[in-house]
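What follows is data-v6.csv (CSV, C-alpha atoms).
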chain,number,residue,atom,x,y,z
A,24,MET,CA,84.3,194.1,258.3
A,25,VAL,CA,82.4,191.9,260.8
A,26,ASN,CA,82.4,191.8,264.6
A,27,PHE,CA,85.1,189.7,266.1
A,28,ASN,CA,86.3,188.3,269.4
A,29,TYR,CA,90.1,188.3,269.8
A,30,TYR,CA,91.4,186.3,272.7
A,31,THR,CA,95.1,185.5,273.3
A,32,PRO,CA,95.8,184.5,276.9
A,33,THR,CA,99.2,182.8,276.2
A,34,ARG,CA,102.3,184.2,277.8
A,35,VAL,CA,105.1,184.2,275.2
A,36,VAL,CA,108.7,183.8,276.5
A,37,PHE,CA,110.8,184.3,273.4
A,38,GLY,CA,114.6,184.1,272.8
A,39,LYS,CA,117.8,182.3,273.4
A,40,GLY,CA,118.1,180.3,276.6
A,41,THR,CA,114.5,180.7,277.6
A,42,VAL,CA,114.0,177.0,278.1
A,43,ASP,CA,115.7,177.3,281.5
A,44,GLN,CA,112.8,179.3,282.8
A,45,VAL,CA,110.3,176.4,282.3
A,46,GLY,CA,110.3,175.2,285.9
A,47,GLU,CA,109.4,178.5,287.4
A,48,LEU,CA,106.8,179.1,284.7
A,49,VAL,CA,105.1,175.8,285.6
A,50,LYS,CA,105.3,176.5,289.3
A,51,ALA,CA,103.7,179.9,288.8
A,52,GLN,CA,100.8,178.2,287.1
A,53,GLY,CA,100.3,175.9,290.2
A,54,GLY,CA,101.7,172.8,288.5
A,55,THR,CA,103.0,170.2,291.0
A,56,LYS,CA,103.3,167.1,288.7
A,57,VAL,CA,103.9,167.5,285.0
A,58,LEU,CA,103.5,165.2,282.0
A,59,LEU,CA,106.4,165.7,279.7
A,60,HIS,CA,105.0,164.9,276.3
A,61,PHE,CA,107.2,164.6,273.2
A,62,GLY,CA,107.9,162.8,269.9
A,63,GLY,CA,110.9,160.8,269.0
A,64,GLY,CA,114.4,160.7,270.3
A,65,SER,CA,115.6,164.1,269.2
A,66,VAL,CA,114.6,165.8,272.4
A,67,ARG,CA,116.8,163.3,274.3
A,68,LYS,CA,119.7,163.3,271.9
A,69,SER,CA,119.8,167.1,271.8
A,70,GLY,CA,119.9,167.4,275.6
A,71,LEU,CA,116.7,169.4,275.6
A,72,LEU,CA,114.7,167.0,277.7
A,73,ASP,CA,117.4,166.9,280.3
A,74,ARG,CA,117.4,170.8,280.4
A,75,VAL,CA,113.7,170.8,280.9
A,76,LYS,CA,113.8,168.2,283.6
A,77,ALA,CA,116.7,170.0,285.4
A,78,SER,CA,114.6,173.2,285.4
A,79,LEU,CA,111.6,171.4,286.8
A,80,GLU,CA,113.6,169.7,289.5
A,81,ALA,CA,115.2,173.0,290.5
A,82,ALA,CA,111.7,174.4,290.9
A,83,GLY,CA,110.5,171.4,292.9
A,84,VAL,CA,108.1,170.2,290.3
A,85,ALA,CA,107.7,166.4,289.8
A,86,HIS,CA,107.3,164.9,286.3
A,87,VAL,CA,106.4,161.8,284.3
A,88,GLU,CA,107.2,161.2,280.6
A,89,LEU,CA,105.3,160.0,277.6
A,90,GLY,CA,107.0,160.1,274.2
A,91,GLY,CA,106.0,158.6,270.9
A,92,VAL,CA,104.0,161.4,269.2
A,93,VAL,CA,104.2,161.2,265.4
A,94,PRO,CA,103.1,163.7,262.7
A,95,ASN,CA,99.3,163.5,262.4
A,96,PRO,CA,99.1,162.5,266.1
A,97,ARG,CA,97.3,159.4,267.0
A,98,LEU,CA,94.2,158.9,269.2
A,99,SER,CA,95.7,155.7,270.7
A,100,LEU,CA,98.6,157.6,272.3
A,101,VAL,CA,96.2,160.3,273.5
A,102,ARG,CA,94.2,157.6,275.3
A,103,GLU,CA,97.5,156.2,276.7
A,104,GLY,CA,98.3,159.7,278.0
A,105,ILE,CA,94.9,160.2,279.6
A,106,ALA,CA,95.4,156.9,281.5
A,107,LEU,CA,98.9,157.8,282.6
A,108,CYS,CA,97.8,161.2,283.9
A,109,GLU,CA,95.0,159.8,285.8
A,110,LYS,CA,97.2,157.1,287.3
A,111,GLU,CA,100.0,159.5,288.3
A,112,GLY,CA,97.9,162.5,289.4
A,113,VAL,CA,99.3,164.8,286.8
A,114,ASP,CA,98.0,168.4,287.1
A,115,PHE,CA,99.9,170.1,284.3
A,116,LEU,CA,100.9,169.2,280.7
A,117,LEU,CA,104.2,170.2,279.1
A,118,PRO,CA,104.5,169.3,275.4
A,119,ILE,CA,108.0,169.6,274.1
A,120,GLY,CA,108.0,169.8,270.3
A,121,GLY,CA,105.8,171.2,267.5
A,122,GLY,CA,102.1,171.2,266.6
A,123,SER,CA,101.6,167.4,266.7
A,124,VAL,CA,102.9,167.2,270.2
A,125,ILE,CA,101.0,170.2,271.4
A,126,ASP,CA,97.8,168.9,269.7
A,127,SER,CA,98.2,165.5,271.4
A,128,ALA,CA,98.6,167.2,274.8
A,129,LYS,CA,95.5,169.3,274.2
A,130,ALA,CA,93.5,166.2,273.5
A,131,ILE,CA,94.9,164.5,276.7
A,132,GLY,CA,94.0,167.6,278.6
A,133,TYR,CA,90.4,167.4,277.4
A,134,GLY,CA,90.2,163.7,278.2
A,135,VAL,CA,91.5,164.0,281.8
A,136,ALA,CA,89.4,167.1,282.7
A,137,SER,CA,86.2,166.1,280.9
A,138,GLY,CA,86.0,162.3,281.2
A,139,GLY,CA,84.4,159.9,278.8
A,140,ASP,CA,85.7,159.1,275.3
A,141,VAL,CA,88.0,161.9,274.2
A,142,TRP,CA,87.1,161.2,270.5
A,143,ASP,CA,83.6,162.4,271.2
A,144,PHE,CA,84.9,166.0,271.1
A,145,TYR,CA,86.6,165.6,267.7
A,146,ASP,CA,83.6,163.7,266.4
A,147,PHE,CA,81.4,166.6,267.6
A,148,LYS,CA,79.2,164.4,269.8
A,149,ARG,CA,79.7,166.5,272.9
A,150,ALA,CA,81.8,169.4,274.1
A,151,PRO,CA,84.6,169.2,276.7
A,152,THR,CA,83.9,170.8,280.1
A,153,GLY,CA,87.5,171.5,280.9
A,154,CYS,CA,91.2,170.9,280.0
A,155,LEU,CA,94.3,170.4,282.1
A,156,PRO,CA,96.5,173.5,282.0
A,157,ILE,CA,99.2,173.4,279.3
A,158,GLY,CA,102.5,175.1,278.7
A,159,THR,CA,104.8,174.3,275.9
A,160,VAL,CA,108.5,174.3,274.8
A,161,LEU,CA,108.2,174.9,271.1
A,162,THR,CA,110.8,173.2,268.8
A,163,ILE,CA,109.1,173.5,265.4
A,164,ALA,CA,107.7,176.7,263.9
A,165,ALA,CA,104.7,175.6,261.9
A,166,ALA,CA,101.3,174.8,263.3
A,167,GLY,CA,100.8,177.7,265.7
A,168,SER,CA,99.2,175.4,268.2
A,169,GLU,CA,101.2,177.1,271.0
A,170,MET,CA,98.9,180.1,270.7
A,171,SER,CA,95.8,178.8,269.0
A,172,ASP,CA,92.5,177.3,270.3
A,173,SER,CA,92.7,174.3,268.0
A,174,SER,CA,94.1,170.7,267.8
A,175,VAL,CA,93.9,168.0,265.2
A,176,ILE,CA,94.0,164.2,266.0
A,177,THR,CA,94.0,161.1,263.8
A,178,ASN,CA,91.8,158.2,264.7
A,179,GLU,CA,93.4,155.0,263.4
A,180,ASP,CA,90.0,153.4,263.2
A,181,GLY,CA,89.2,154.4,259.6
A,182,TRP,CA,92.2,156.8,259.5
A,183,VAL,CA,89.9,159.8,260.2
A,184,LYS,CA,91.7,163.1,260.9
A,185,ARG,CA,89.6,165.7,262.8
A,186,GLY,CA,90.1,169.1,264.4
A,187,TYR,CA,88.5,170.6,267.4
A,188,SER,CA,88.7,174.2,268.7
A,189,SER,CA,88.0,175.6,272.1
A,190,ASP,CA,89.5,178.3,274.3
A,191,LEU,CA,89.8,175.7,277.1
A,192,CYS,CA,92.9,174.3,275.5
A,193,ARG,CA,94.9,177.5,275.0
A,194,CYS,CA,98.4,177.3,276.4
A,195,LYS,CA,99.2,179.2,279.6
A,196,PHE,CA,102.7,179.9,278.3
A,197,ALA,CA,104.9,179.2,275.3
A,198,ILE,CA,108.7,179.1,275.4
A,199,MET,CA,110.1,179.9,272.0
A,200,ASP,CA,113.8,179.7,271.4
A,201,PRO,CA,114.6,179.9,267.7
A,202,GLU,CA,117.9,178.1,268.3
A,203,LEU,CA,115.9,174.9,269.1
A,204,THR,CA,114.7,174.8,265.4
A,205,MET,CA,118.2,174.9,263.9
A,206,THR,CA,118.6,171.1,263.9
A,207,LEU,CA,115.4,170.5,261.9
A,208,PRO,CA,115.8,168.8,258.5
A,209,ASP,CA,115.3,171.3,255.6
A,210,TYR,CA,112.1,169.5,254.5
A,211,GLN,CA,110.5,169.9,257.9
A,212,THR,CA,111.5,173.6,258.0
A,213,ALA,CA,109.9,174.2,254.6
A,214,CYS,CA,106.8,172.3,255.6
A,215,GLY,CA,106.5,174.5,258.7
A,216,CYS,CA,106.8,177.7,256.6
A,217,ALA,CA,104.1,176.4,254.2
A,218,ASP,CA,101.8,175.7,257.1
A,219,ILE,CA,102.4,179.2,258.7
A,220,LEU,CA,101.6,180.9,255.4
A,221,MET,CA,98.5,178.8,254.9
A,222,HIS,CA,97.1,179.8,258.3
A,223,THR,CA,97.1,183.4,257.2
A,224,MET,CA,96.1,182.7,253.6
A,225,GLU,CA,93.0,180.8,254.8
A,226,ARG,CA,91.9,183.8,256.7
A,227,TYR,CA,93.0,186.3,253.9
A,228,PHE,CA,90.7,184.7,251.3
A,229,ASN,CA,87.3,185.4,252.7
A,230,ASP,CA,83.8,186.6,251.7
A,231,GLN,CA,84.0,190.1,253.1
A,232,ALA,CA,83.2,192.9,250.6
A,233,GLN,CA,85.1,195.4,252.7
A,234,PRO,CA,87.9,193.7,254.6
A,235,MET,CA,89.7,195.6,257.4
A,236,ALA,CA,92.6,197.5,255.9
A,237,LEU,CA,94.7,197.0,259.1
A,238,THR,CA,94.1,193.2,259.1
A,239,ASP,CA,94.9,193.0,255.4
A,240,ALA,CA,98.2,194.9,256.0
A,241,LEU,CA,99.2,192.7,258.9
A,242,ALA,CA,98.4,189.6,256.9
A,243,GLU,CA,100.2,190.7,253.8
A,244,GLY,CA,103.3,191.8,255.9
A,245,LEU,CA,103.4,188.5,257.7
A,246,MET,CA,103.2,186.5,254.5
A,247,ARG,CA,105.9,188.5,252.8
A,248,THR,CA,108.1,188.1,255.9
A,249,VAL,CA,107.7,184.3,256.0
A,250,ILE,CA,108.4,184.0,252.3
A,251,ASP,CA,111.6,186.1,252.6
A,252,ALA,CA,112.8,184.3,255.7
A,253,SER,CA,112.1,180.9,254.3
A,254,LEU,CA,114.2,181.7,251.2
A,255,VAL,CA,117.0,182.7,253.5
A,256,LEU,CA,116.8,179.4,255.4
A,257,VAL,CA,117.1,177.4,252.1
A,258,LYS,CA,120.6,178.8,251.8
A,259,GLU,CA,121.4,179.5,255.5
A,260,PRO,CA,119.6,177.1,257.7
A,261,GLY,CA,121.5,178.4,260.8
A,262,ASN,CA,120.4,182.0,260.3
A,263,TYR,CA,119.0,183.0,263.7
A,264,GLN,CA,117.2,186.1,262.6
A,265,ALA,CA,115.3,184.2,259.9
A,266,ARG,CA,114.5,181.4,262.4
A,267,ALA,CA,113.2,184.0,264.8
A,268,GLU,CA,111.0,185.7,262.2
A,269,VAL,CA,109.5,182.4,261.1
A,270,MET,CA,108.9,181.3,264.7
A,271,TRP,CA,107.1,184.5,265.7
A,272,ALA,CA,105.1,184.5,262.5
A,273,GLY,CA,103.9,181.0,263.2
A,274,SER,CA,102.3,182.1,266.4
A,275,LEU,CA,100.8,185.3,265.0
A,276,SER,CA,99.5,183.5,262.0
A,277,HIS,CA,97.3,181.1,264.0
A,278,ASN,CA,96.4,183.1,267.2
A,279,GLY,CA,93.6,185.0,265.3
A,280,LEU,CA,95.4,188.2,264.7
A,281,THR,CA,95.4,187.9,260.9
A,282,GLY,CA,91.7,187.0,260.8
A,283,CYS,CA,90.2,189.9,262.8
A,284,GLY,CA,87.2,191.2,261.0
A,285,THR,CA,87.4,188.6,258.1
A,286,GLY,CA,84.5,186.5,259.2
A,287,GLY,CA,86.7,183.5,259.7
A,288,GLY,CA,88.1,183.1,256.2
A,289,ASP,CA,88.0,180.0,253.9
A,290,TRP,CA,89.5,176.8,255.4
A,291,SER,CA,88.8,174.6,252.4
A,292,THR,CA,92.5,173.8,251.7
A,293,HIS,CA,93.1,172.7,255.3
A,294,LYS,CA,89.9,170.5,255.3
A,295,LEU,CA,90.9,168.9,252.0
A,296,GLU,CA,94.4,168.2,253.3
A,297,HIS,CA,93.1,166.7,256.6
A,298,GLU,CA,91.5,163.9,254.7
A,299,LEU,CA,94.7,163.5,252.6
A,300,GLY,CA,96.8,163.4,255.7
A,301,GLY,CA,94.4,161.0,257.4
A,302,LEU,CA,94.4,158.5,254.5
A,303,PHE,CA,98.0,158.8,253.4
A,304,ASP,CA,99.8,160.1,256.5
A,305,VAL,CA,101.6,162.9,254.5
A,306,ALA,CA,103.4,165.9,256.1
A,307,HIS,CA,100.8,168.5,256.7
A,308,GLY,CA,102.6,171.5,255.1
A,309,ALA,CA,103.5,169.5,252.0
A,310,GLY,CA,99.9,168.3,251.7
A,311,LEU,CA,98.7,171.9,251.8
A,312,THR,CA,101.1,173.1,249.0
A,313,ALA,CA,100.1,170.1,246.8
A,314,ILE,CA,96.4,171.1,247.0
A,315,TRP,CA,96.4,174.9,247.2
A,316,GLY,CA,97.0,175.7,243.5
A,317,SER,CA,94.2,173.5,242.4
A,318,TRP,CA,91.8,174.9,245.0
A,319,ALA,CA,92.8,178.5,244.0
A,320,ARG,CA,92.2,177.9,240.3
A,321,TYR,CA,88.9,176.3,241.1
A,322,VAL,CA,87.5,179.1,243.1
A,323,MET,CA,89.4,182.1,241.7
A,324,ASP,CA,86.6,183.3,239.4
A,325,ALA,CA,84.4,183.9,242.4
A,326,GLN,CA,86.8,186.6,243.7
A,327,PRO,CA,89.4,187.5,241.1
A,328,GLY,CA,90.0,190.9,242.7
A,329,ARG,CA,91.0,189.3,246.0
A,330,PHE,CA,93.4,186.9,244.3
A,331,ALA,CA,94.8,189.8,242.2
A,332,ARG,CA,95.5,191.8,245.4
A,333,PHE,CA,97.3,188.8,246.9
A,334,ALA,CA,99.4,188.5,243.7
A,335,VAL,CA,100.5,192.1,243.8
A,336,GLU,CA,100.8,192.8,247.5
A,337,VAL,CA,102.3,189.5,248.7
A,338,LEU,CA,104.1,188.1,245.7
A,339,GLY,CA,105.1,191.3,243.9
A,340,VAL,CA,103.4,190.4,240.6
A,341,GLU,CA,103.0,193.2,238.1
A,342,PRO,CA,99.3,193.9,237.3
A,343,GLN,CA,98.4,192.2,234.1
A,344,GLY,CA,95.6,194.5,232.8
A,345,ASP,CA,92.6,192.7,234.4
A,346,ASP,CA,92.1,191.0,237.8
A,347,LYS,CA,91.8,187.5,236.4
A,348,ALA,CA,95.1,187.6,234.5
A,349,THR,CA,96.8,189.0,237.5
A,350,ALA,CA,95.2,186.4,239.8
A,351,LEU,CA,96.5,183.6,237.6
A,352,LYS,CA,100.0,185.1,237.6
A,353,GLY,CA,99.8,185.2,241.3
A,354,ILE,CA,98.8,181.5,241.6
A,355,GLU,CA,101.7,180.6,239.3
A,356,ALA,CA,104.1,182.8,241.4
A,357,MET,CA,103.0,181.1,244.6
A,358,GLU,CA,103.6,177.7,243.1
A,359,ASP,CA,107.0,178.8,241.9
A,360,TYR,CA,107.7,179.9,245.5
A,361,TYR,CA,106.7,176.5,246.8
A,362,ARG,CA,109.1,174.8,244.4
A,363,SER,CA,111.9,177.2,245.5
A,364,ILE,CA,111.6,175.8,249.0
A,365,ARG,CA,111.3,172.3,247.6
A,366,MET,CA,107.6,171.8,248.4
A,367,PRO,CA,105.3,169.8,246.1
A,368,THR,CA,102.6,171.5,244.0
A,369,SER,CA,100.7,168.4,243.0
A,370,LEU,CA,99.8,165.1,244.6
A,371,ARG,CA,102.2,163.2,242.3
A,372,GLU,CA,105.1,165.4,243.5
A,373,LEU,CA,103.9,164.6,247.0
A,374,GLY,CA,104.3,160.9,246.2
A,375,VAL,CA,100.5,160.2,246.4
A,376,GLU,CA,98.4,158.9,243.5
A,377,PRO,CA,94.9,158.3,244.9
A,378,THR,CA,92.5,156.1,243.0
A,379,GLU,CA,89.1,157.3,242.0
A,380,GLU,CA,87.7,155.4,244.9
A,381,GLN,CA,90.1,157.0,247.3
A,382,ILE,CA,89.3,160.5,245.9
A,383,ALA,CA,85.6,159.8,246.5
A,384,GLU,CA,86.4,158.5,250.0
A,385,MET,CA,88.4,161.7,250.9
A,386,ALA,CA,85.7,164.0,249.4
A,387,GLU,CA,82.9,162.2,251.2
A,388,LYS,CA,84.7,162.3,254.6
A,389,CYS,CA,85.5,166.0,254.0
A,390,GLY,CA,81.8,166.6,253.2
A,391,VAL,CA,80.8,164.9,256.5
A,392,THR,CA,83.2,167.1,258.4
A,393,ALA,CA,81.9,170.2,256.6
A,394,HIS,CA,78.2,169.2,257.1
A,395,GLY,CA,77.7,169.0,253.4
A,396,GLU,CA,79.4,172.1,252.1
A,397,MET,CA,82.3,174.5,252.9
A,398,GLY,CA,84.1,177.5,251.7
A,399,ALA,CA,83.8,181.3,251.9
A,400,VAL,CA,85.3,182.3,248.6
A,401,LYS,CA,83.1,179.8,246.8
A,402,THR,CA,80.8,177.2,248.3
A,403,LEU,CA,82.1,173.7,247.7
A,404,ARG,CA,80.1,170.5,247.9
A,405,VAL,CA,81.3,166.9,247.6
A,406,GLU,CA,81.5,166.9,243.8
A,407,ASP,CA,83.6,170.1,243.9
A,408,MET,CA,85.9,168.5,246.4
A,409,LYS,CA,86.4,165.5,244.1
A,410,ALA,CA,87.2,167.9,241.2
A,411,ILE,CA,89.9,169.7,243.3
A,412,TYR,CA,91.5,166.4,244.3
A,413,ARG,CA,91.5,165.3,240.7
A,414,ALA,CA,93.0,168.6,239.5
A,415,ALA,CA,95.7,168.3,242.1
A,416,MET,CA,97.0,165.1,240.5

Have the structure of the file written as structure tokens, please.
Amino acid sequence: MVNFNYYTPTRVVFGKGTVDQVGELVKAQGGTKVLLHFGGGSVRKSGLLDRVKASLEAAGVAHVELGGVVPNPRLSLVREGIALCEKEGVDFLLPIGGGSVIDSAKAIGYGVASGGDVWDFYDFKRAPTGCLPIGTVLTIAAAGSEMSDSSVITNEDGWVKRGYSSDLCRCKFAIMDPELTMTLPDYQTACGCADILMHTMERYFNDQAQPMALTDALAEGLMRTVIDASLVLVKEPGNYQARAEVMWAGSLSHNGLTGCGTGGGDWSTHKLEHELGGLFDVAHGAGLTAIWGSWARYVMDAQPGRFARFAVEVLGVEPQGDDKATALKGIEAMEDYYRSIRMPTSLRELGVEPTEEQIAEMAEKCGVTAHGEMGAVKTLRVEDMKAIYRAAM
């Protein structure tokens, strides 16, 4: 194992009816004027926005609104939010939604508190000096942004998708009511489960010769739980227990718990998907499943034992006599699972057929973000990235 710093300052308020506590939670954080940040019309149609506003009003907290967040949240709306907050004197941010909405709010928080061009942070030209305090009402179990230090924003100028991580943006509180996820389309639920799994898988596949036994056990248990619960939700989308398991797993999968002592893991699949999402605007979870199998086969020979353990402990694969054979069975089993929750396992199934020029563009952008190379299981350079994209076709 390696040394690690585990920091999780977010207060979690979990369960049915917890939305009605939001006003007092904001007030306890010193919020006097809140930006309610959300996506489309679902928060209005469902009555959730009215519930949040009523709770804020009962606590004597003023608010302004900014909707319009889309998957792969846009820099232009972030800039609009910064201007609105500055104009209205907003001192607290309350995203209502999933990872895209929370990520957008985090970027707004950086921009208001730090000044200058907010894209500088995502382009690694400078670091933020602060962030407006943020709480969230979570409606989608997926990104884990409610407890993570990260956010991802898409710049429409060149369609560049970049992530930035800092403890400054960690949410002060997260309200998690699994009932709020029951109206999600099946596809969005499955995309969320895929993203949750990948957040732990990226940490699980690492370069540590002696991983922490406890961290491995936590990671494997979380992944098995998400797989089992997601299969329940395919048949019973209204199953509260399965919804609750997935929602809690989403937070634990991306708050650092399943990466303690791993050295950070291997985030190649995420980085490859970011360029895919930036160029083609695909759903993040589906983009991950479309790429993962090709990445896994490309790097597996570097750590067949690790992939074999994943196959046995997470997917229940019977050992095949040698690690490589077991590892390959595990990759096949994972792709079978993706198909069972109706997720793509190739770019064509995702509905994307990039040209050779587009493959080169994505790989080169990924190479820039990775400063030339990336990967813990196996070092990948631009030509390797191209090969993985081609294999994913």

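The two atoms in question, atom CA of A:Ile125 and atom CA of A:Glu202, are spaced 18.9 Å apart.
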
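If you measure from each of A:Pro32, A:Gly316, A:Gly244, A:Gly62 to A:Ala197 using only C-alpha atoms, the closest one turns out to be A:Pro32.
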
Exercise for the section: Up to 12 Å from (95.8, 183.6, 265.2) in the file's coordinates: name the residues, counting all atoms listed in the file, as a PyMOL selection string. Expected result: chain A and resi 28-33+166-173+193+219-227+238+241-242+245+271-283+287-288

Counting only C-alpha atoms, give me one row per residue of stretch 321-366 of chain A with an atom at most 8 Å from an atom of stretch 204-215 of chain A, showing the shortest contact pair and its distance in Å to one decimal, sorted by chain then residue number, as a tab-separated table.
residue	atom	partner	partner_atom	distance
A:Ile364	CA	A:Ala213	CA	6.1
A:Arg365	CA	A:Ala213	CA	7.4
A:Met366	CA	A:Ala213	CA	7.0

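For the residues A:Ala325, A:Ile198, A:Ala399, A:Leu191, ranking by smallest atom-to-atom distance to A:Thr292 using only C-alpha atoms places A:Ala399 first.
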
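Atom to atom, atom CA of A:Leu338 and atom CA of A:Val255 stand 16.0 Å apart.
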
Contacts of A:Val124 at 8 Å (all atoms listed in the file; same-chain gap of 6+ positions) as a PyMOL selection string:
chain A and resi 60-62+92-93+96+118

Between atom CA of A:Leu403 and atom CA of A:Ala383 lies a distance of 14.4 Å

From the list A:Arg320, A:Lys195, A:Arg371, A:Arg332, the nearest residue to A:Ile411 using all atoms listed in the file is A:Arg320

*Which residues come within 7 Å of stretch 327-329 of chain A, counting all atoms listed in the file, excluding same-chain residues fewer than 3 positions away, as a PyMOL selection string?*
chain A and resi 323-324+332-333+346-347+350

Problem - Non-local contacts of A:Phe115 (6 Å; all atoms listed in the file; under 5 positions in same chain excluded) as a VMD selection string - result: chain A and resid 54 57 156

field: Exercise: A:Glu179 partners within 12 Å, all atoms listed in the file, chain neighbours under 5 positions left out, as a PyMOL selection string
entry: chain A and resi 95-101+142+184-185+300-304

Take the residues that were just selected and, keeping C-alpha atoms, output them as a CSV table (one decimal), in the coordinates of the input.
chain,number,residue,atom,x,y,z
A,95,ASN,CA,99.3,163.5,262.4
A,96,PRO,CA,99.1,162.5,266.1
A,97,ARG,CA,97.3,159.4,267.0
A,98,LEU,CA,94.2,158.9,269.2
A,99,SER,CA,95.7,155.7,270.7
A,100,LEU,CA,98.6,157.6,272.3
A,101,VAL,CA,96.2,160.3,273.5
A,142,TRP,CA,87.1,161.2,270.5
A,184,LYS,CA,91.7,163.1,260.9
A,185,ARG,CA,89.6,165.7,262.8
A,300,GLY,CA,96.8,163.4,255.7
A,301,GLY,CA,94.4,161.0,257.4
A,302,LEU,CA,94.4,158.5,254.5
A,303,PHE,CA,98.0,158.8,253.4
A,304,ASP,CA,99.8,160.1,256.5

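Residues of protein, DNA and RNA with at least one atom no farther than 8 Å from (97.9, 166.2, 283.2) are, using only C-alpha atoms, Lys56, Val57, Leu58, Ile105, Cys108, Glu109, Gly112, Val113, Asp114, Phe115, Leu116, Ile131, Gly132, Val135, Leu155 and Pro156 of chain A.
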
Pull stretch 93-123 of chain A out of the block and emit C-alpha atoms, as an mmCIF file, in the first residue's frame.
data_model
loop_
_atom_site.group_PDB
_atom_site.id
_atom_site.type_symbol
_atom_site.label_atom_id
_atom_site.label_comp_id
_atom_site.auth_asym_id
_atom_site.auth_seq_id
_atom_site.Cartn_x
_atom_site.Cartn_y
_atom_site.Cartn_z
ATOM 1 C CA VAL A 93 -27.413 19.536 -19.850
ATOM 2 C CA PRO A 94 -25.390 16.303 -19.715
ATOM 3 C CA ASN A 95 -21.743 17.181 -20.296
ATOM 4 C CA PRO A 96 -22.422 20.618 -18.696
ATOM 5 C CA ARG A 97 -21.472 23.648 -20.743
ATOM 6 C CA LEU A 98 -19.015 26.405 -19.967
ATOM 7 C CA SER A 99 -21.374 29.051 -21.375
ATOM 8 C CA LEU A 100 -24.006 28.317 -18.696
ATOM 9 C CA VAL A 101 -21.304 28.324 -16.017
ATOM 10 C CA ARG A 102 -20.333 31.833 -17.098
ATOM 11 C CA GLU A 103 -23.989 32.866 -17.056
ATOM 12 C CA GLY A 104 -24.283 31.504 -13.518
ATOM 13 C CA ILE A 105 -21.209 33.391 -12.347
ATOM 14 C CA ALA A 106 -22.638 36.671 -13.689
ATOM 15 C CA LEU A 107 -26.021 35.987 -12.054
ATOM 16 C CA CYS A 108 -24.461 35.206 -8.676
ATOM 17 C CA GLU A 109 -22.372 38.366 -8.774
ATOM 18 C CA LYS A 110 -25.377 40.474 -9.752
ATOM 19 C CA GLU A 111 -27.700 39.011 -7.116
ATOM 20 C CA GLY A 112 -25.240 38.696 -4.242
ATOM 21 C CA VAL A 113 -25.586 34.924 -3.988
ATOM 22 C CA ASP A 114 -23.626 33.390 -1.099
ATOM 23 C CA PHE A 115 -24.645 29.707 -1.368
ATOM 24 C CA LEU A 116 -25.126 27.283 -4.278
ATOM 25 C CA LEU A 117 -27.796 24.574 -4.277
ATOM 26 C CA PRO A 118 -27.690 22.276 -7.314
ATOM 27 C CA ILE A 119 -30.772 20.072 -7.637
ATOM 28 C CA GLY A 120 -30.040 17.112 -9.887
ATOM 29 C CA GLY A 121 -27.188 14.768 -10.720
ATOM 30 C CA GLY A 122 -23.504 15.049 -11.472
ATOM 31 C CA SER A 123 -23.835 17.463 -14.390
#
